[in-house]
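Report on the structure given below.
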Amino acid sequence: MIRVLIADDQDLVRGGLAALLGLEPDIEVVAEVARGDEVLASVAAHRPDVVLLDIEMPGLSGLEVAERLTGVRVVIVTTFGRPGYLRRALDAGVAGFVVKDAPAAELAAAVRRVTAGERVVDPKLAVTALTVGASPLTTRECDVLRAADGGASVADIARSLFLTEGTVRNYLSSAIGKTGARNRAAAVSTARSRGWL
């Protein structure tokens, strides 16, 4: 039996995935959690072979959880099929990346394949990731854009990140240029849509 843990903050999706995988004769769902910060303890308690992670969850994102997990195969199962997310997931060592609109049989097959040591990536997303390329943003530019999301002032961003206002302006200017945006709100939007934040 392949032991699976499912982490997704949407109850209906998590329950649906568990029900579908539960129909497979060789897959057993051993745990379900709704928050990213619950995954590590649940992995320790239930010892799954495969962990299915959503990307956007409260507590910790699926990508943050994937970076911390060891000794278990991880498959990202997400609505957000963004090339930047795929790159970050692969850098974190995940074994698979499947979008939620894939057929149920593909998810079960992905669980089996990663258990066998293969890497599984949604083919359309792989092609898009190759054409979009890696994020041009530095870690600090991403920090500043995240802080700017929602309209925070330069002074507020500077305070929250312990930077000077001039440094924040420089990072914003650089991020705007790298994303090809007209302003910081558009830079945030572009970076999010490409999975860079």
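Labeling convention for the structure tokens: chains A, B, ... as they appear, residues from 1 per chain, ligands from 1 in order of appearance.
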Neighbouring residues of A:Leu69 were defined as those with any atom within 10 Å, considering only C-alpha atoms; residues of the same chain fewer than 5 positions away were excluded. Please report them as a list in words.
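My list of contacting residues is Val39, Leu40, Val43, Val51, Glu64, Val74, Ala92, Gly93 and Val94 of chain A.
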List as a ChimeraX atom specification the protein and nucleic acid residues near A:Glu28, meaning an atom at most 12 Å away when only C-alpha atoms are counted, but skip any in the same chain fewer than 2 places from it.
/A:1-6,17-26,30-32,46-51,108,111-112
Filtering to N, CA and C atoms, could you give me those residues as a compact mmCIF listing (two decimals), in the first residue's frame?
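selection.txt written:
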```
# COMPACT_ATOMS: atom_id res chain seq x y z
N MET A 1 0.83 -1.19 0.00
CA MET A 1 0.00 0.00 0.00
C MET A 1 0.87 1.25 0.00
N ILE A 2 0.48 2.23 -0.78
CA ILE A 2 1.15 3.53 -0.79
C ILE A 2 0.40 4.42 0.19
N ARG A 3 1.12 4.88 1.21
CA ARG A 3 0.52 5.72 2.25
C ARG A 3 0.63 7.19 1.85
N VAL A 4 -0.51 7.90 1.86
CA VAL A 4 -0.56 9.28 1.37
C VAL A 4 -1.12 10.22 2.43
N LEU A 5 -0.49 11.38 2.55
CA LEU A 5 -1.01 12.48 3.37
C LEU A 5 -1.42 13.59 2.42
N ILE A 6 -2.59 14.18 2.65
CA ILE A 6 -3.09 15.28 1.81
C ILE A 6 -3.14 16.56 2.63
N LEU A 17 -10.13 14.77 -2.96
CA LEU A 17 -8.90 14.05 -3.29
C LEU A 17 -8.78 12.77 -2.49
N ALA A 18 -9.11 12.85 -1.20
CA ALA A 18 -9.04 11.67 -0.33
C ALA A 18 -10.02 10.60 -0.80
N ALA A 19 -11.22 11.01 -1.17
CA ALA A 19 -12.22 10.04 -1.63
C ALA A 19 -11.79 9.36 -2.93
N LEU A 20 -11.28 10.16 -3.86
CA LEU A 20 -10.84 9.59 -5.14
C LEU A 20 -9.66 8.65 -4.97
N LEU A 21 -8.68 9.07 -4.20
CA LEU A 21 -7.51 8.21 -3.99
C LEU A 21 -7.88 6.98 -3.16
N GLY A 22 -8.85 7.12 -2.28
CA GLY A 22 -9.30 5.99 -1.47
C GLY A 22 -9.93 4.87 -2.28
N LEU A 23 -10.36 5.18 -3.50
CA LEU A 23 -10.94 4.17 -4.38
C LEU A 23 -9.86 3.30 -5.04
N GLU A 24 -8.63 3.75 -4.98
CA GLU A 24 -7.53 3.01 -5.61
C GLU A 24 -7.13 1.84 -4.70
N PRO A 25 -6.96 0.65 -5.26
CA PRO A 25 -6.69 -0.52 -4.43
C PRO A 25 -5.31 -0.51 -3.74
N ASP A 26 -4.38 0.28 -4.26
CA ASP A 26 -3.02 0.28 -3.73
C ASP A 26 -2.64 1.58 -3.02
N VAL A 30 -3.68 8.27 4.72
CA VAL A 30 -3.47 8.06 6.16
C VAL A 30 -3.70 9.31 6.99
N ALA A 31 -3.71 10.49 6.33
CA ALA A 31 -3.95 11.73 7.08
C ALA A 31 -4.33 12.84 6.12
N GLU A 32 -5.09 13.80 6.67
CA GLU A 32 -5.47 15.01 5.95
C GLU A 32 -5.25 16.20 6.88
N HIS A 46 2.20 10.00 11.07
CA HIS A 46 1.56 9.02 10.19
C HIS A 46 2.51 8.33 9.20
N ARG A 47 3.70 8.85 9.04
CA ARG A 47 4.75 8.28 8.20
C ARG A 47 4.26 7.90 6.80
N PRO A 48 3.76 8.88 6.04
CA PRO A 48 3.31 8.57 4.67
C PRO A 48 4.50 8.35 3.73
N ASP A 49 4.22 7.70 2.61
CA ASP A 49 5.21 7.54 1.55
C ASP A 49 5.22 8.77 0.65
N VAL A 50 4.02 9.36 0.47
CA VAL A 50 3.85 10.51 -0.43
C VAL A 50 3.01 11.57 0.28
N VAL A 51 3.43 12.83 0.13
CA VAL A 51 2.66 13.96 0.66
C VAL A 51 2.18 14.78 -0.53
N ALA A 108 -3.59 9.66 -9.39
CA ALA A 108 -3.25 8.33 -8.86
C ALA A 108 -2.00 7.79 -9.54
N VAL A 111 1.05 9.56 -8.11
CA VAL A 111 1.41 9.01 -6.79
C VAL A 111 2.21 7.72 -6.97
N ARG A 112 1.76 6.86 -7.86
CA ARG A 112 2.46 5.60 -8.10
C ARG A 112 3.85 5.85 -8.69
```
Could you list, as a short mmCIF file (atom, residue, chain, number, x, y, z; two decimals) with all heavy atoms, in the first residue's frame, every residue within 9 Å of A:Ser135, counting only C-alpha atoms and ignoring same-chain residues fewer than 6 positions away?
```cif
data_model
loop_
_atom_site.label_atom_id
_atom_site.label_comp_id
_atom_site.auth_asym_id
_atom_site.auth_seq_id
_atom_site.Cartn_x
_atom_site.Cartn_y
_atom_site.Cartn_z
N GLY A 84 6.82 29.89 -12.39
CA GLY A 84 7.71 30.20 -11.27
C GLY A 84 7.51 29.26 -10.10
O GLY A 84 8.46 28.87 -9.42
N ARG A 87 9.29 25.98 -10.93
CA ARG A 87 10.74 26.08 -10.71
C ARG A 87 11.08 26.02 -9.22
O ARG A 87 12.00 25.33 -8.81
CB ARG A 87 11.28 27.37 -11.31
CG ARG A 87 11.41 27.32 -12.80
CD ARG A 87 12.23 28.50 -13.31
NE ARG A 87 12.26 28.47 -14.74
CZ ARG A 87 13.11 27.73 -15.45
NH1 ARG A 87 13.98 26.97 -14.84
NH2 ARG A 87 13.09 27.76 -16.75
N ALA A 191 4.57 39.62 -11.13
CA ALA A 191 5.39 38.65 -10.40
C ALA A 191 4.54 37.53 -9.82
O ALA A 191 4.92 36.36 -9.87
CB ALA A 191 6.19 39.35 -9.29
N ARG A 194 3.30 35.07 -12.56
CA ARG A 194 4.35 34.19 -13.06
C ARG A 194 4.88 33.24 -12.00
O ARG A 194 5.78 32.45 -12.27
CB ARG A 194 5.49 35.03 -13.65
CG ARG A 194 5.03 35.77 -14.88
CD ARG A 194 6.12 36.52 -15.55
NE ARG A 194 5.60 37.23 -16.72
CZ ARG A 194 6.25 38.16 -17.36
NH1 ARG A 194 7.45 38.52 -16.97
NH2 ARG A 194 5.70 38.75 -18.40
N GLY A 195 4.35 33.36 -10.79
CA GLY A 195 4.76 32.46 -9.72
C GLY A 195 6.09 32.83 -9.09
O GLY A 195 6.73 32.00 -8.46
N TRP A 196 6.51 34.07 -9.22
CA TRP A 196 7.79 34.52 -8.67
C TRP A 196 7.68 34.94 -7.22
O TRP A 196 8.69 35.09 -6.54
CB TRP A 196 8.37 35.65 -9.49
CG TRP A 196 8.70 35.27 -10.91
CD1 TRP A 196 8.89 34.02 -11.40
CD2 TRP A 196 8.86 36.16 -12.01
NE1 TRP A 196 9.16 34.07 -12.74
CE2 TRP A 196 9.15 35.37 -13.14
CE3 TRP A 196 8.79 37.54 -12.15
CZ2 TRP A 196 9.40 35.92 -14.40
CZ3 TRP A 196 9.03 38.09 -13.40
CH2 TRP A 196 9.32 37.28 -14.51
#
```
To test your reading of the structure, identify every residue in chain A that backbone DSSP assigns to strand (DSSP E or B), and report it as a list of chain:residue names.
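Secondary structure check on chain A, strand (DSSP E or B): A:Ile2, A:Arg3, A:Val4, A:Leu5, A:Ile6, A:Ala7, A:Ile27, A:Glu28, A:Val29, A:Val30, A:Ala31, A:Glu32, A:Val33, A:Val50, A:Val51, A:Leu52, A:Leu53, A:Arg73, A:Val74, A:Val75, A:Ile76, A:Val77, A:Thr78, A:Gly96, A:Phe97, A:Val98, A:Val99, A:Val120, A:Val121.
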One decimal, Å: what's the distance from atom CA of A:Asp101 over to atom CA of A:Pro136, could you say?
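For atom CA of A:Asp101 relative to atom CA of A:Pro136, the distance reads 28.6 Å.
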Using only C-alpha atoms, which protein or nucleic acid residues come within 9 Å of A:Gly62? Drop anything in the same chain fewer than 2 positions from it, and give the result as a list in words.
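My reading of the contact set: Ala7, Asp8, Gly36, Leu53, Asp54, Ile55, Glu56, Met57, Leu60, Glu64, Val65, Ala66, Glu67, Ile76 and Ala89 of chain A.
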Please compute the atom CA of A:Ala147-atom CA of A:Leu161 distance, one decimal, in Å.
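Separating atom CA of A:Ala147 from atom CA of A:Leu161 is a distance of 8.1 Å.
Within 10 Å of A:Gly166, once only C-alpha atoms are used and residues closer than 4 positions along the same chain are dropped, the contacting residues are Val154, Ala155, Ala158, Asn170, Tyr171 and Leu172 of chain A.
Closest approach to A:Ala109 among A:Val72, A:Ala152, A:Ile27, A:Ala175 is made by A:Ile27 (distances from only C-alpha atoms).
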I'd like the neighbourhood of A:Arg184 as a list in words, where a residue qualifies if any of its atoms comes within 9 Å (using only C-alpha atoms), though same-chain residues fewer than 2 positions away should be ignored.
Leu145, Ala148, Asp149, Gly151, Leu172, Ser173, Ala175, Ile176, Ala181, Arg182, Ala186, Ala187, Val188 and Ser189 of chain A
Could you give me, as a ChimeraX atom specification, each residue of stretch 7-172 of chain A that DSSP assigns to helix (DSSP H, G or I) when run on this structure's backbone?
/A:11-22,36-46,62-68,83-91,104-115,123-132,139-148,154-161,165-172
Nearest residue to A:Thr139 out of A:Asp37, A:Leu197, A:Asn183, A:Leu90, using only C-alpha atoms?
A:Leu197
